[in-house]
Every structure is written in C-alpha cells, then in structure tokens.
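Single-structure report; data block below.
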Amino acid sequence: MTQLPACPDCGDLRPRCLGALPDVPYFAGRLQPGPLPGGRLMWCRTCDLRFRWPLLADYRGLYDNS
C-alpha cells in the first residue's frame, strides 16, 4: 500500500487524490532535457490546499534556471 502524503500546509494526514497529472516536457516555458513526471494532484479537505505529489527533488534547480 502506498503511503499518502501529509498536507504541506496544515499537516492533515488524509488528503484526497484528485487524479493523475500528465508528464510535461516544459517547465516555466522552457523545454527540459526530458519529460518531468506528472505525479498526482492532491486536495486537503481541511485547509483546501491543492498540491502535487510526489514533490520533485530538484524544484529549486528548475526555478533557479527558469
């Protein structure tokens, strides 16, 4: 069984999966060397935050280079 993430805002442990996000070749309008994995769109019913899961390990590098 896959462990669900905690909400990064309020810490609720019961986020709901809204569905799959597609893999994408672009980030911040720039073509990437390979497609970025889409993951899943999660929704926290406690604080109403929607967030991507799992988080990419290299978001900082993507934003720094955008």
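Lettering and numbering for the structure tokens are positional, with chains as A, B, ... in the shown order, residues counted from 1 in each chain, and ligands counted from 1 in the shown order.
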Expected answer as an mmCIF file with N, CA, C and O atoms, in the first residue's frame: helix (DSSP H, G or I) residues in chain A:
data_model
loop_
_atom_site.group_PDB
_atom_site.id
_atom_site.type_symbol
_atom_site.label_atom_id
_atom_site.label_comp_id
_atom_site.auth_asym_id
_atom_site.auth_seq_id
_atom_site.Cartn_x
_atom_site.Cartn_y
_atom_site.Cartn_z
ATOM 1 N N TYR A 59 13.138 20.849 -7.577
ATOM 2 C CA TYR A 59 12.356 22.040 -7.901
ATOM 3 C C TYR A 59 13.214 23.301 -7.846
ATOM 4 O O TYR A 59 13.104 24.182 -8.679
ATOM 5 N N ARG A 60 14.078 23.397 -6.836
ATOM 6 C CA ARG A 60 14.906 24.609 -6.692
ATOM 7 C C ARG A 60 15.739 24.834 -7.958
ATOM 8 O O ARG A 60 15.804 25.942 -8.478
ATOM 9 N N GLY A 61 16.346 23.772 -8.457
ATOM 10 C CA GLY A 61 17.137 23.900 -9.681
ATOM 11 C C GLY A 61 16.294 24.315 -10.870
ATOM 12 O O GLY A 61 16.729 25.119 -11.703
ATOM 13 N N LEU A 62 15.071 23.806 -10.959
ATOM 14 C CA LEU A 62 14.186 24.190 -12.060
ATOM 15 C C LEU A 62 13.820 25.668 -11.968
ATOM 16 O O LEU A 62 13.826 26.390 -12.965
ATOM 17 N N TYR A 63 13.474 26.135 -10.766
ATOM 18 C CA TYR A 63 13.120 27.552 -10.610
ATOM 19 C C TYR A 63 14.324 28.459 -10.809
ATOM 20 O O TYR A 63 14.225 29.527 -11.406
ATOM 21 N N ASP A 64 15.500 28.056 -10.321
ATOM 22 C CA ASP A 64 16.696 28.866 -10.480
ATOM 23 C C ASP A 64 17.084 29.026 -11.946
ATOM 24 O O ASP A 64 17.668 30.043 -12.324
#
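With only C-alpha atoms as the basis for measurement, A:Asp48 is the residue among A:Asp48, A:Pro37, A:Phe27, A:Gln32 that approaches Pro15 in chain A most closely.
Among the residues of chain A, backbone DSSP assigns strand (DSSP E or B) to A:Arg16, A:Cys17, A:Leu18, A:Gly19, A:Ala20, A:Val24, A:Pro25, A:Tyr26, A:Phe27, A:Arg30, A:Leu31, A:Gln32, A:Pro33, A:Gly34, A:Pro35, A:Leu36, A:Arg40, A:Leu41, A:Met42, A:Trp43, A:Arg50, A:Phe51, A:Arg52, A:Trp53.
Between CA of Ala20 in chain A and CA of Pro5 in chain A there is a distance of 14.9 Å.
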